[in-house]
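Structure data follow from final-v7.csv (CSV, C-alpha atoms):
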chain,number,residue,atom,x,y,z
R,803,MET,CA,-10.8,19.5,-13.0
R,804,LYS,CA,-9.3,16.6,-14.9
R,805,LYS,CA,-11.3,13.4,-14.4
R,806,LEU,CA,-9.4,10.4,-13.0
R,807,SER,CA,-9.9,7.1,-14.9
R,808,ILE,CA,-10.3,4.8,-12.0
R,809,LEU,CA,-10.6,1.7,-14.1
R,810,VAL,CA,-7.4,2.3,-16.1
R,811,ALA,CA,-5.5,3.1,-12.9
R,812,LEU,CA,-6.8,-0.2,-11.3
R,813,VAL,CA,-5.5,-2.1,-14.3
R,814,ILE,CA,-2.0,-0.6,-13.9
R,815,ILE,CA,-1.9,-1.1,-10.2
R,816,THR,CA,-3.0,-4.7,-10.6
R,817,ALA,CA,-0.3,-5.4,-13.2
R,818,SER,CA,2.5,-3.5,-11.4
R,819,CYS,CA,2.0,-4.6,-7.8
R,820,ARG,CA,5.0,-6.5,-6.6
R,821,GLY,CA,4.2,-7.3,-3.0
R,822,ASN,CA,4.4,-4.0,-1.2
R,823,GLU,CA,2.8,-3.8,2.1
R,824,ASN,CA,1.1,-1.2,2.8
R,825,LYS,CA,-1.2,-1.3,-0.3
R,826,ALA,CA,-4.2,-3.8,-0.9
R,827,ALA,CA,-6.8,-4.2,-3.6
R,828,ASP,CA,-10.2,-5.4,-3.4
R,829,SER,CA,-12.8,-8.1,-3.3
R,830,LEU,CA,-15.8,-6.2,-4.6
R,831,ALA,CA,-19.6,-6.1,-3.9
R,832,VAL,CA,-21.2,-2.9,-5.0
R,833,ASN,CA,-22.5,-0.7,-2.3
R,834,SER,CA,-24.0,2.4,-3.9
R,835,ASP,CA,-26.4,3.4,-1.1
R,836,LYS,CA,-23.7,3.8,1.6
R,837,GLN,CA,-22.0,7.1,0.8
R,838,GLU,CA,-20.4,7.3,4.2
R,839,THR,CA,-19.0,3.8,4.4
R,840,LYS,CA,-16.1,3.6,6.9
R,841,LEU,CA,-13.0,1.7,6.2
R,842,LYS,CA,-12.1,-1.4,8.2
R,843,ARG,CA,-8.4,-1.9,7.6
R,844,TYR,CA,-7.5,-4.1,10.6
R,845,GLU,CA,-9.0,-6.6,12.9
R,846,VAL,CA,-8.2,-4.5,16.0
R,847,LYS,CA,-10.0,-1.2,16.7
R,848,SER,CA,-7.0,0.9,17.5
R,849,ALA,CA,-3.2,0.7,18.0
R,850,MET,CA,0.0,2.5,18.8
R,851,VAL,CA,3.0,0.8,17.3
R,852,THR,CA,6.7,1.8,16.9
R,853,TYR,CA,9.0,0.1,14.5
R,854,LYS,CA,12.8,-0.1,13.9
R,855,THR,CA,14.3,-0.7,10.5
R,856,ILE,CA,17.8,-2.0,9.7
R,857,VAL,CA,19.2,-2.0,6.1
R,858,SER,CA,22.4,-3.7,5.2
R,859,GLY,CA,24.2,-5.3,2.2
R,860,LYS,CA,26.4,-4.9,-0.8
R,861,VAL,CA,25.6,-4.1,-4.4
R,862,MET,CA,27.8,-3.3,-7.3
R,863,GLY,CA,30.8,-2.7,-5.2
R,864,SER,CA,29.0,-0.4,-2.7
R,865,THR,CA,28.2,-1.1,0.9
R,866,ILE,CA,24.9,0.1,2.2
R,867,SER,CA,23.8,0.5,5.8
R,868,GLY,CA,21.0,2.3,7.4
R,869,SER,CA,18.5,2.5,10.2
R,870,GLY,CA,15.1,4.1,10.8
R,871,THR,CA,12.2,4.4,13.1
R,872,GLU,CA,8.5,4.6,12.4
R,873,SER,CA,5.4,5.4,14.5
R,874,LEU,CA,2.0,4.2,13.6
R,875,TYR,CA,-1.3,5.3,15.2
R,876,PHE,CA,-4.8,4.4,14.2
R,877,LYS,CA,-8.3,4.1,15.6
R,878,ASN,CA,-11.8,3.2,14.2
R,879,TRP,CA,-10.3,0.0,12.7
R,880,GLY,CA,-7.8,2.0,10.7
R,881,ASP,CA,-10.3,4.4,9.2
R,882,LEU,CA,-8.1,7.2,10.7
R,883,GLU,CA,-4.4,6.5,10.7
R,884,LEU,CA,-1.1,8.4,10.8
R,885,LYS,CA,2.4,7.1,10.1
R,886,GLU,CA,5.6,9.1,10.7
R,887,ALA,CA,9.0,7.7,9.7
R,888,GLN,CA,12.6,8.9,10.0
R,889,SER,CA,15.6,7.1,8.5
R,890,SER,CA,19.2,7.5,7.6
R,891,GLN,CA,21.1,5.5,4.9
R,892,THR,CA,24.8,5.5,4.2
R,893,THR,CA,26.4,4.2,1.0
R,894,THR,CA,30.2,3.6,0.8
R,895,SER,CA,31.7,3.1,-2.6
R,896,LYS,CA,35.2,2.4,-3.9
R,897,PHE,CA,36.4,3.3,-7.3
R,898,PHE,CA,40.0,3.0,-8.5
R,899,GLY,CA,41.3,2.7,-4.9
R,900,LYS,CA,39.3,5.8,-3.7
R,901,SER,CA,36.4,5.6,-1.4
R,902,SER,CA,33.4,7.9,-1.1
R,903,THR,CA,30.6,8.0,1.5
R,904,GLN,CA,27.2,9.5,1.0
R,905,THR,CA,24.5,9.7,3.7
R,906,THR,CA,20.9,10.5,3.0
R,907,GLU,CA,18.2,11.2,5.6
R,908,THR,CA,14.4,11.1,5.1
R,909,HIS,CA,11.4,12.2,7.1
R,910,THR,CA,7.9,11.2,6.0
R,911,MET,CA,4.5,11.6,7.4
R,912,ASN,CA,1.3,10.2,5.9
R,913,LYS,CA,-2.3,10.4,7.2
R,914,LEU,CA,-5.3,8.5,6.0
R,915,ASP,CA,-8.7,9.8,7.0
R,916,ASN,CA,-11.6,7.6,5.6
R,917,GLY,CA,-10.1,7.6,2.1
R,918,LYS,CA,-8.5,11.0,2.1
R,919,SER,CA,-4.7,10.7,1.9
R,920,TYR,CA,-2.4,13.4,3.3
R,921,HIS,CA,1.3,13.4,2.4
R,922,VAL,CA,3.6,15.8,4.2
R,923,ASP,CA,6.5,17.2,2.2
R,924,PHE,CA,8.9,18.5,4.9
R,925,GLU,CA,11.3,19.9,2.3
R,926,ARG,CA,8.7,22.1,0.6
R,927,LYS,CA,6.7,22.5,3.8
R,928,ILE,CA,3.4,21.6,2.2
R,929,ILE,CA,0.8,18.9,2.6
R,930,MET,CA,-0.5,17.1,-0.5
R,931,LEU,CA,-4.1,15.9,-0.3
R,932,ARG,CA,-5.5,13.3,-2.6
R,933,ARG,CA,-8.0,10.4,-2.6
R,934,ASP,CA,-6.4,7.0,-1.9
R,935,MET,CA,-7.9,5.1,-4.8
R,936,ALA,CA,-7.5,1.6,-3.3
R,937,MET,CA,-9.3,2.8,-0.1
R,938,GLU,CA,-12.1,4.5,-2.0
R,939,MET,CA,-12.7,1.4,-4.0
R,940,ASN,CA,-13.0,-0.7,-0.9
R,941,LYS,CA,-15.5,1.7,0.5
R,942,MET,CA,-17.6,1.6,-2.7
R,943,PHE,CA,-17.3,-2.1,-3.5
R,944,ALA,CA,-16.4,-4.1,-0.4
R,945,ASP,CA,-18.1,-2.3,2.5
R,946,GLY,CA,-14.7,-0.9,3.4
R,947,ASP,CA,-13.3,-4.2,4.5
R,948,VAL,CA,-9.7,-3.8,3.5
R,949,ASN,CA,-8.3,-6.6,5.6
R,950,LYS,CA,-10.5,-9.2,3.9
R,951,THR,CA,-9.7,-8.1,0.4
R,952,GLY,CA,-6.1,-7.6,1.2
R,953,LYS,CA,-5.7,-11.3,2.0
R,954,GLN,CA,-7.3,-12.1,-1.3
R,955,MET,CA,-4.9,-9.9,-3.1
R,956,LEU,CA,-1.9,-11.5,-1.4
R,957,GLU,CA,-3.2,-14.9,-2.5
R,958,GLY,CA,-3.8,-13.6,-6.0
R,959,MET,CA,-0.1,-12.6,-6.1
R,960,GLY,CA,1.0,-16.1,-5.2
R,961,GLY,CA,1.4,-15.3,-1.6
R,962,LYS,CA,0.8,-18.0,1.0
R,963,ILE,CA,1.1,-18.5,4.7
R,964,VAL,CA,4.3,-20.5,5.4
R,965,GLY,CA,4.1,-20.7,9.2
R,966,GLN,CA,3.3,-19.0,12.5
R,967,GLY,CA,5.6,-16.7,14.5
R,968,SER,CA,5.6,-14.4,17.5
R,969,VAL,CA,6.4,-10.7,17.6
R,970,LEU,CA,6.3,-9.0,21.0
R,971,GLY,CA,4.2,-12.0,22.2
R,972,TYR,CA,1.6,-11.6,19.5
R,973,ASN,CA,0.9,-14.7,17.3
R,974,CYS,CA,1.3,-13.8,13.7
R,975,ASP,CA,0.7,-15.5,10.3
R,976,ILE,CA,3.9,-15.5,8.3
R,977,TRP,CA,3.2,-14.7,4.7
R,978,ASP,CA,5.6,-15.2,1.9
R,979,VAL,CA,4.8,-12.9,-1.0
R,980,MET,CA,7.3,-12.9,-4.0
R,981,GLY,CA,10.2,-13.5,-1.7
R,982,ALA,CA,9.2,-10.9,1.0
R,983,LYS,CA,8.1,-12.2,4.4
R,984,GLN,CA,5.5,-10.5,6.5
R,985,TRP,CA,4.5,-11.4,10.1
R,986,ILE,CA,0.9,-10.2,10.2
R,987,TYR,CA,-1.2,-9.9,13.3
R,988,LYS,CA,-4.9,-9.2,12.7
R,989,GLY,CA,-4.2,-7.5,9.4
R,990,LEU,CA,-1.2,-5.5,10.7
R,991,PRO,CA,2.4,-6.3,9.7
R,992,LEU,CA,4.5,-6.4,12.8
R,993,LYS,CA,7.7,-7.6,11.0
R,994,ILE,CA,8.8,-7.4,7.3
R,995,GLU,CA,11.9,-8.9,5.8
R,996,VAL,CA,12.8,-8.1,2.2
R,997,SER,CA,16.0,-9.0,0.3
R,998,ILE,CA,16.6,-7.4,-3.1
R,999,MET,CA,19.9,-7.5,-5.1
R,1000,GLY,CA,22.0,-8.2,-2.0
R,1001,ILE,CA,20.3,-5.5,0.2
R,1002,THR,CA,18.3,-6.8,3.2
R,1003,THR,CA,15.7,-4.6,4.9
R,1004,VAL,CA,14.2,-5.7,8.2
R,1005,THR,CA,11.4,-3.7,9.8
R,1006,LYS,CA,10.2,-4.9,13.2
R,1007,ALA,CA,7.8,-3.6,15.8
R,1008,VAL,CA,9.5,-2.8,19.1
R,1009,THR,CA,6.4,-1.7,21.0
R,1010,ALA,CA,2.8,-2.3,20.3
R,1011,LYS,CA,-0.5,-1.6,22.1
R,1012,PHE,CA,-3.8,-2.6,20.7
R,1013,ASP,CA,-7.4,-1.7,21.5
R,1014,VAL,CA,-6.3,1.4,23.5
R,1015,SER,CA,-7.5,5.0,23.5
R,1016,VAL,CA,-5.5,7.0,21.0
R,1017,ALA,CA,-5.6,10.7,21.6
R,1018,ASP,CA,-6.4,13.2,18.8
R,1019,LYS,CA,-2.9,14.8,19.2
R,1020,TYR,CA,-1.3,11.8,17.5
R,1021,PHE,CA,-3.2,12.5,14.3
R,1022,LYS,CA,-2.2,16.2,14.0
R,1023,LEU,CA,-0.3,17.3,10.9
R,1024,PRO,CA,2.3,20.1,10.7
R,1025,ASN,CA,0.9,23.6,10.2
R,1026,PHE,CA,1.7,23.6,6.4
R,1027,PRO,CA,-0.5,24.7,3.6
R,1028,ILE,CA,-2.6,22.0,2.0
R,1029,GLU,CA,-2.4,21.5,-1.7
R,1030,GLU,CA,-5.1,19.4,-3.4
R,1031,MET,CA,-3.8,17.1,-6.1
R,1032,GLU,CA,-5.4,17.3,-9.6
R,1033,ASP,CA,-7.1,13.9,-9.2
R,1034,TYR,CA,-8.9,14.9,-6.0
R,1035,GLN,CA,-12.5,14.9,-7.3
R,1036,ASN,CA,-15.6,16.1,-5.8
R,1037,ASP,CA,-18.3,13.5,-4.8
R,1038,GLU,CA,-20.4,14.1,-8.0
R,1039,GLU,CA,-17.4,13.4,-10.3
R,1040,TYR,CA,-16.4,10.4,-8.2
R,1041,GLU,CA,-19.9,8.9,-8.5
R,1042,GLU,CA,-19.8,9.4,-12.2
R,1043,ASP,CA,-16.5,7.4,-12.4
R,1044,ARG,CA,-18.0,4.7,-10.2
R,1045,ILE,CA,-20.9,4.2,-12.6
R,1046,GLU,CA,-18.7,4.3,-15.6
R,1047,MET,CA,-16.3,1.8,-14.0
R,1048,LYS,CA,-19.1,-0.7,-13.4
R,1049,LYS,CA,-20.2,-0.4,-17.0
R,1050,ASN,CA,-16.7,-1.0,-18.2
R,1051,ALA,CA,-16.3,-4.0,-15.8
R,1052,GLN,CA,-19.3,-5.6,-17.5
R,1053,LYS,CA,-17.4,-5.4,-20.8
R,1054,MET,CA,-14.0,-6.5,-19.4
R,1055,LYS,CA,-14.9,-9.4,-17.1
R,1056,ASN,CA,-14.4,-11.9,-19.9
R,1057,MET,CA,-11.3,-10.4,-21.3
R,1058,THR,CA,-8.7,-12.9,-22.5
R,1059,TYR,CA,-5.1,-12.9,-21.1
R,1060,ALA,CA,-3.8,-11.6,-24.5
R,1061,GLU,CA,-6.2,-8.7,-24.5
R,1062,TYR,CA,-5.4,-7.9,-20.8
R,1063,LYS,CA,-1.7,-8.0,-21.5
R,1064,ALA,CA,-2.0,-5.7,-24.5
R,1065,MET,CA,-4.1,-3.2,-22.5
R,1066,VAL,CA,-1.7,-3.1,-19.6
R,1067,LEU,CA,1.4,-2.6,-21.8
R,1068,LYS,CA,-0.4,0.2,-23.7
R,1069,ASP,CA,-1.4,2.0,-20.5
R,1070,ASP,CA,1.9,1.4,-18.7
R,1071,PRO,CA,5.0,0.7,-20.9
R,1072,GLU,CA,7.1,0.0,-17.8
R,1073,ALA,CA,5.0,-3.1,-17.3
R,1074,ALA,CA,7.1,-4.7,-20.1
R,1075,GLU,CA,9.7,-5.3,-17.4
R,1076,MET,CA,7.4,-7.7,-15.6
R,1077,SER,CA,7.9,-11.5,-15.9
R,1078,GLU,CA,5.3,-13.6,-17.6
R,1079,GLU,CA,4.4,-15.1,-14.3
R,1080,GLU,CA,3.8,-11.7,-12.7
R,1081,MET,CA,1.7,-10.6,-15.6
R,1082,LYS,CA,-0.5,-13.8,-15.3
R,1083,GLN,CA,-0.9,-13.3,-11.6
R,1084,GLY,CA,-2.1,-9.8,-12.3
R,1085,TYR,CA,-4.5,-11.1,-14.9
R,1086,GLN,CA,-6.0,-13.5,-12.4
R,1087,MET,CA,-6.6,-10.7,-9.9
R,1088,PHE,CA,-8.0,-8.5,-12.6
R,1089,LYS,CA,-10.5,-11.2,-13.6
R,1090,MET,CA,-11.6,-11.6,-10.1
R,1091,MET,CA,-12.1,-7.9,-9.6
R,1092,MET,CA,-13.9,-7.3,-12.8
R,1093,LYS,CA,-16.4,-10.1,-12.1
R,1094,LYS,CA,-17.3,-8.8,-8.7
R,1095,MET,CA,-17.4,-5.2,-9.8
R,1096,ALA,CA,-19.8,-6.1,-12.6
R,1097,ASN,CA,-22.3,-7.7,-10.3
Just give me the structure of the file as structure tokens.
Amino acid sequence: MKKLSILVALVIITASCRGNENKAADSLAVNSDKQETKLKRYEVKSAMVTYKTIVSGKVMGSTISGSGTESLYFKNWGDLELKEAQSSQTTTSKFFGKSSTQTTETHTMNKLDNGKSYHVDFERKIIMLRRDMAMEMNKMFADGDVNKTGKQMLEGMGGKIVGQGSVLGYNCDIWDVMGAKQWIYKGLPLKIEVSIMGITTVTKAVTAKFDVSVADKYFKLPNFPIEEMEDYQNDEEYEEDRIEMKKNAQKMKNMTYAEYKAMVLKDDPEAAEMSEEEMKQGYQMFKMMMKKMAN
């Protein structure tokens, strides 16, 4: 099986991250003795949340509108989680006096089970299984505390708390990260507003229950065959990568900005599209990670 280079992937993720939610990197303190470390992704033990999304705007002569719903279930502090979303988006364009309308519909389902990530492909009727690298790194280097390290990553990207707000009666910190606003309650976004190139997307929780009993039925996947992705390693291979990653971190913790930038562009040519400010933010996060990983 082809071996995943965790360190190189980390560099690319660090450089390419542009404020997406649902993904956090790590403040790292090596924990080699706890092979069964559990993830703690939120500050509440369990939840059942439903969201609604509205998309609207105009871009390059086209009008875009859409809506969607999402269900989120988790327990054990987010160690076990399932998300299912359905959405529809319509694009109306006018060219030379003629108009055309195109509607696309999507259906997604993702499950995270202590670092194992399942993605359901409803079109092909298969389930893809892989390790979630960010979650695995949190287990190995931060005792699985994703919420704590996620805040540090938001700050490393220039994010800051700009106020307080209420969603469904829950008091949230409002984070501004690269122009996107997130209303976060105990590590869980209850509202997200993003505007890009004239298109505004607003996702907001419409129901939320916390610290409740969540039945096993909410975590069931469709009866599709499971296909393991190429980078899904066994524990022995993953441990080898962890040791190698720590050794490399020792060498890279004092890397200069110029050396970092050259490495990122070599491993991910698309990073050339990043601004100098984004690249420097990535460098600061990278330095922080390497120093803690090397300890």
Item to check | Among listed residues R:Thr910, R:Thr1009, R:Ser873, R:Thr852, nearest R:Gly971 (using all atoms listed in the file) | outcome: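 Between R:Thr910, R:Thr1009, R:Ser873, R:Thr852, the residue approaching R:Gly971 most closely is R:Thr1009.
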Item to check | Shell around stretch 1011-1020 of chain R at 8 Å using only C-alpha atoms, local window under 5 positions removed, as a PyMOL selection string | outcome: chain R and resi 846-851+875-877+884
Next on the checklist: From the options R:Gly870, R:Pro991, R:Pro1024, R:Pro1071, which residue's atoms come nearest to R:Glu907, counting only C-alpha atoms?
Outcome noted: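 Checking each of R:Gly870, R:Pro991, R:Pro1024, R:Pro1071 against R:Glu907, counting only C-alpha atoms, the winner is R:Gly870.
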Checklist entry - Rounded to one decimal in Å, what is the spacing between atom CA of R:Lys993 and atom CA of R:Tyr853? => result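 Atom CA of R:Lys993 sits 8.6 Å away from atom CA of R:Tyr853.
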Checklist entry - Leaving out R:Thr908 and any residue of its chain fewer than 6 positions from it, which residues lie within 12 Å of it when counting all atoms listed in the file, given as number ranges by chain? => result R: 868-872, 886-892, 922-925
Write the residues of the selection above to a file with C-alpha atoms, as a PDB file, in the coordinates of the input.
ATOM      1  CA  GLY R 868      21.000   2.300   7.400  1.00  0.00           C
ATOM      2  CA  SER R 869      18.500   2.500  10.200  1.00  0.00           C
ATOM      3  CA  GLY R 870      15.100   4.100  10.800  1.00  0.00           C
ATOM      4  CA  THR R 871      12.200   4.400  13.100  1.00  0.00           C
ATOM      5  CA  GLU R 872       8.500   4.600  12.400  1.00  0.00           C
ATOM      6  CA  GLU R 886       5.600   9.100  10.700  1.00  0.00           C
ATOM      7  CA  ALA R 887       9.000   7.700   9.700  1.00  0.00           C
ATOM      8  CA  GLN R 888      12.600   8.900  10.000  1.00  0.00           C
ATOM      9  CA  SER R 889      15.600   7.100   8.500  1.00  0.00           C
ATOM     10  CA  SER R 890      19.200   7.500   7.600  1.00  0.00           C
ATOM     11  CA  GLN R 891      21.100   5.500   4.900  1.00  0.00           C
ATOM     12  CA  THR R 892      24.800   5.500   4.200  1.00  0.00           C
ATOM     13  CA  VAL R 922       3.600  15.800   4.200  1.00  0.00           C
ATOM     14  CA  ASP R 923       6.500  17.200   2.200  1.00  0.00           C
ATOM     15  CA  PHE R 924       8.900  18.500   4.900  1.00  0.00           C
ATOM     16  CA  GLU R 925      11.300  19.900   2.300  1.00  0.00           C
TER      17      GLU R 925
END
Expected answer as a PDB file with C-alpha atoms, in the frame of the given file: all residues with atoms within 10 Å of (1.7, -8.5, 14.9), all atoms listed in the file:
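Here's the written file selection24.pdb:
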ATOM      1  CA  VAL R 851       3.000   0.800  17.300  1.00  0.00           C
ATOM      2  CA  GLY R 967       5.600 -16.700  14.500  1.00  0.00           C
ATOM      3  CA  SER R 968       5.600 -14.400  17.500  1.00  0.00           C
ATOM      4  CA  VAL R 969       6.400 -10.700  17.600  1.00  0.00           C
ATOM      5  CA  LEU R 970       6.300  -9.000  21.000  1.00  0.00           C
ATOM      6  CA  GLY R 971       4.200 -12.000  22.200  1.00  0.00           C
ATOM      7  CA  TYR R 972       1.600 -11.600  19.500  1.00  0.00           C
ATOM      8  CA  ASN R 973       0.900 -14.700  17.300  1.00  0.00           C
ATOM      9  CA  CYS R 974       1.300 -13.800  13.700  1.00  0.00           C
ATOM     10  CA  ASP R 975       0.700 -15.500  10.300  1.00  0.00           C
ATOM     11  CA  ILE R 976       3.900 -15.500   8.300  1.00  0.00           C
ATOM     12  CA  GLN R 984       5.500 -10.500   6.500  1.00  0.00           C
ATOM     13  CA  TRP R 985       4.500 -11.400  10.100  1.00  0.00           C
ATOM     14  CA  ILE R 986       0.900 -10.200  10.200  1.00  0.00           C
ATOM     15  CA  TYR R 987      -1.200  -9.900  13.300  1.00  0.00           C
ATOM     16  CA  LYS R 988      -4.900  -9.200  12.700  1.00  0.00           C
ATOM     17  CA  GLY R 989      -4.200  -7.500   9.400  1.00  0.00           C
ATOM     18  CA  LEU R 990      -1.200  -5.500  10.700  1.00  0.00           C
ATOM     19  CA  PRO R 991       2.400  -6.300   9.700  1.00  0.00           C
ATOM     20  CA  LEU R 992       4.500  -6.400  12.800  1.00  0.00           C
ATOM     21  CA  LYS R 993       7.700  -7.600  11.000  1.00  0.00           C
ATOM     22  CA  LYS R1006      10.200  -4.900  13.200  1.00  0.00           C
ATOM     23  CA  ALA R1007       7.800  -3.600  15.800  1.00  0.00           C
ATOM     24  CA  ALA R1010       2.800  -2.300  20.300  1.00  0.00           C
ATOM     25  CA  PHE R1012      -3.800  -2.600  20.700  1.00  0.00           C
TER      26      PHE R1012
END
Nearby residues (only C-alpha atoms) at most 6 Å from R:Gly859, same-chain spacing under 2 positions excluded, as a PDB file with C-alpha atoms, in the frame of the given file:
ATOM      1  CA  THR R 865      28.200  -1.100   0.900  1.00  0.00           C
ATOM      2  CA  ILE R 866      24.900   0.100   2.200  1.00  0.00           C
ATOM      3  CA  GLY R1000      22.000  -8.200  -2.000  1.00  0.00           C
ATOM      4  CA  ILE R1001      20.300  -5.500   0.200  1.00  0.00           C
TER       5      ILE R1001
END
